[in-house]
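Next comes model-v2.pdb, a file with PDB, C-alpha atoms and all ligand atoms.
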ATOM      1  CA  MET F   1      -5.044 -12.441  21.931
ATOM      2  CA  SER F   2      -4.952 -12.388  25.723
ATOM      3  CA  TRP F   3      -1.289 -13.423  25.902
ATOM      4  CA  PHE F   4      -0.352 -10.295  24.020
ATOM      5  CA  PRO F   5      -1.836  -7.409  26.002
ATOM      6  CA  PRO F   6       1.071  -4.938  26.199
ATOM      7  CA  LEU F   7       1.563  -4.999  22.451
ATOM      8  CA  ALA F   8      -2.091  -4.651  21.492
ATOM      9  CA  SER F   9      -2.439  -0.943  22.248
ATOM     10  CA  THR F  10       0.910  -0.312  20.587
ATOM     11  CA  CYS F  11      -0.314  -2.040  17.446
ATOM     12  CA  GLN F  12      -3.208   0.400  17.180
ATOM     13  CA  GLU F  13      -0.757   3.249  17.497
ATOM     14  CA  MET F  14       1.531   1.591  14.971
ATOM     15  CA  ALA F  15      -1.257   1.354  12.418
ATOM     16  CA  ARG F  16      -1.722   5.107  12.712
ATOM     17  CA  LEU F  17       2.004   5.820  12.630
ATOM     18  CA  LEU F  18       2.567   3.565   9.644
ATOM     19  CA  SER F  19       0.051   5.434   7.529
ATOM     20  CA  ASP F  20       1.471   8.726   8.805
ATOM     21  CA  ALA F  21       4.936   7.633   7.736
ATOM     22  CA  MET F  22       3.601   7.145   4.201
ATOM     23  CA  ASP F  23       2.705  10.821   3.909
ATOM     24  CA  HIS F  24       5.359  12.603   5.905
ATOM     25  CA  ARG F  25       8.698  11.986   7.515
ATOM     26  CA  LEU F  26       8.342  11.121  11.192
ATOM     27  CA  PRO F  27      10.773  12.168  13.951
ATOM     28  CA  TRP F  28      13.718   9.814  14.380
ATOM     29  CA  HIS F  29      12.646   8.582  17.819
ATOM     30  CA  VAL F  30       9.241   7.618  16.438
ATOM     31  CA  ARG F  31      10.872   5.818  13.524
ATOM     32  CA  ILE F  32      13.122   3.863  15.905
ATOM     33  CA  ARG F  33      10.105   2.863  17.979
ATOM     34  CA  MET F  34       8.338   1.704  14.825
ATOM     35  CA  HIS F  35      11.408  -0.179  13.682
ATOM     36  CA  VAL F  36      11.730  -1.991  17.014
ATOM     37  CA  HIS F  37       8.040  -2.850  17.066
ATOM     38  CA  LEU F  38       8.048  -4.095  13.494
ATOM     39  CA  ARG F  39      10.921  -6.420  14.315
ATOM     40  CA  MET F  40       8.891  -8.239  16.936
ATOM     41  CA  CYS F  41       5.368  -7.825  15.631
ATOM     42  CA  GLN F  42       4.395  -9.862  12.605
ATOM     43  CA  VAL F  43       0.938  -8.299  12.452
ATOM     44  CA  CYS F  44       2.224  -4.768  12.008
ATOM     45  CA  LYS F  45       4.939  -5.941   9.667
ATOM     46  CA  SER F  46       2.404  -7.403   7.256
ATOM     47  CA  TYR F  47       0.225  -4.317   7.703
ATOM     48  CA  GLN F  48       3.155  -2.138   6.677
ATOM     49  CA  ARG F  49       3.760  -4.352   3.667
ATOM     50  CA  GLN F  50       0.137  -3.911   2.635
ATOM     51  CA  LEU F  51       0.361  -0.145   3.012
ATOM     52  CA  VAL F  52       3.508   0.023   0.918
ATOM     53  CA  LEU F  53       1.916  -2.167  -1.734
ATOM     54  CA  LEU F  54      -1.240  -0.055  -1.769
ATOM     55  CA  ARG F  55       0.835   3.103  -2.078
ATOM     56  CA  HIS F  56       2.763   1.572  -4.913
ATOM     57  CA  LEU F  57      -0.437   0.678  -6.755
ATOM     58  CA  LEU F  58      -1.869   4.170  -6.260
ATOM     59  CA  ARG F  59       1.303   5.772  -7.570
ATOM     60  CA  ARG F  60       1.167   3.609 -10.678
ATOM     61  CA  THR F  61      -2.297   4.779 -11.678
ATOM     62  CA  PRO F  62      -2.007   7.485 -14.350
ATOM     63  CA  HIS F  63      -4.656   9.687 -12.724
ATOM     64  CA  SER F  64      -3.489  11.226  -9.485
ATOM     65  CA  GLU F  65      -7.140  12.025  -8.749
ATOM     66  CA  ALA F  66      -7.494   8.339  -7.951
ATOM     67  CA  GLU F  67      -6.071   9.128  -4.529
ATOM     68  CA  PRO F  68      -8.681  10.188  -2.024
ATOM     69  CA  THR F  69      -8.599  13.951  -1.647
ATOM     70  CA  VAL F  70     -10.721  16.384   0.312
ATOM     71  CA  GLN F  71     -12.843  18.519  -1.964
ATOM     72  CA  PRO F  72     -13.882  21.776  -0.297
ATOM     73  CA  GLN F  73     -16.384  22.554  -3.049
ATOM     74  CA  LEU F  74     -18.285  19.419  -2.217
ATOM     75  CA  SER F  75     -18.784  20.360   1.441
ATOM     76  CA  ALA F  76     -19.847  23.894   0.458
ATOM     77  CA  GLU F  77     -22.384  22.461  -1.938
ATOM     78  CA  ALA F  78     -23.571  20.044   0.718
ATOM     79  CA  LYS F  79     -23.922  22.916   3.187
ATOM     80  CA  GLU F  80     -25.957  24.873   0.663
ATOM     81  CA  ARG F  81     -28.184  21.867   0.104
ATOM     82  CA  ILE F  82     -28.724  21.452   3.853
ATOM     83  CA  ARG F  83     -29.478  25.185   4.204
ATOM     84  CA  ARG F  84     -32.047  25.009   1.408
ATOM     85  CA  ALA F  85     -33.608  21.912   2.924
ATOM     86  CA  LEU F  86     -33.893  23.709   6.266
ATOM     87  CA  ASP F  87     -35.427  26.781   4.596
ATOM     88  CA  SER F  88     -38.080  24.769   2.818
ATOM     89  CA  SER F  89     -38.981  22.950   6.027
ATOM     90  CA  HIS F  90     -39.834  26.282   7.679
ATOM     91  CA  SER F  91     -42.620  27.160   5.238
TER      92      SER F  91
HETATM   93 ZN    ZN F 101       2.163  -4.601  16.233
END

In structure tokens, write the structure found in this file.
Amino acid sequence: MSWFPPLASTCQEMARLLSDAMDHRLPWHVRIRMHVHLRMCQVCKSYQRQLVLLRHLLRRTPHSEAEPTVQPQLSAEAKERIRRALDSSHS
């Protein structure tokens, strides 16, 4: 939307901040900035609503493992697999 240039970059930042706000409490000045932006930006407002809804749905699932988590064992296993693949390519 060419008639909306100053807000566009802010919206990208807002998308990041909104998901951040879901996980941890943001500083008050950031929250005020978000609040002001959400009041005038319908796009971010609906995005926030979607995030809240998604969060709500995730919380309601009985298995907390349903939430995406980083598994260190997986990367170690992947590393080992890559190392083995490299070793076999040398012979
Ligand atoms: Zn916005």

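For the pair atom CA of Arg55 of chain F and atom CA of Met22 of chain F, the interatomic distance is 8.0 Å.
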
For chain F against ligand ZN 101 (chain F), with a cut-off of 6 Å and counting only C-alpha atoms and all ligand atoms, what is the closest atom pair and its distance in Å to one decimal for every residue that makes the cut, ordered by chain and number, as JSON lines?
{"residue": "F:Cys11", "atom": "CA", "partner": "F:ZN101", "partner_atom": "ZN", "distance": 3.8}
{"residue": "F:Cys41", "atom": "CA", "partner": "F:ZN101", "partner_atom": "ZN", "distance": 4.6}
{"residue": "F:Val43", "atom": "CA", "partner": "F:ZN101", "partner_atom": "ZN", "distance": 5.4}
{"residue": "F:Cys44", "atom": "CA", "partner": "F:ZN101", "partner_atom": "ZN", "distance": 4.2}

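Atom to atom, atom CA of His24 of chain F and atom CA of Val36 of chain F stand 19.4 Å apart.
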
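The interatomic distance for the pair atom CA of Ser9 of chain F and atom CA of Val30 of chain F works out to 15.6 Å.
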
As lines of an AutoDock Vina configuration file, please: the centre and edge lengths in Å, to one decimal, of an axis-aligned box enclosing every listed atom of segment 34-39 of chain F with 6 Å added on each side.
center_x = 9.9
center_y = -2.4
center_z = 15.3
size_x = 15.7
size_y = 20.1
size_z = 15.6

Using the chain letters and numbers from the file, give me the residues hit by the PyMOL selection byres (((chain F and resi 16) around 12) and not hetatm), as a short mmCIF file (atom, residue, chain, number, x, y, z; two decimals) with C-alpha atoms, in the frame of the given file.
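New file out.cif:
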data_model
loop_
_atom_site.label_atom_id
_atom_site.label_comp_id
_atom_site.auth_asym_id
_atom_site.auth_seq_id
_atom_site.Cartn_x
_atom_site.Cartn_y
_atom_site.Cartn_z
CA SER F 9 -2.44 -0.94 22.25
CA THR F 10 0.91 -0.31 20.59
CA CYS F 11 -0.31 -2.04 17.45
CA GLN F 12 -3.21 0.40 17.18
CA GLU F 13 -0.76 3.25 17.50
CA MET F 14 1.53 1.59 14.97
CA ALA F 15 -1.26 1.35 12.42
CA LEU F 17 2.00 5.82 12.63
CA LEU F 18 2.57 3.56 9.64
CA SER F 19 0.05 5.43 7.53
CA ASP F 20 1.47 8.73 8.80
CA ALA F 21 4.94 7.63 7.74
CA MET F 22 3.60 7.14 4.20
CA ASP F 23 2.70 10.82 3.91
CA LEU F 26 8.34 11.12 11.19
CA VAL F 30 9.24 7.62 16.44
CA MET F 34 8.34 1.70 14.82
CA CYS F 44 2.22 -4.77 12.01
CA TYR F 47 0.22 -4.32 7.70
CA GLN F 48 3.16 -2.14 6.68
CA LEU F 51 0.36 -0.14 3.01
#
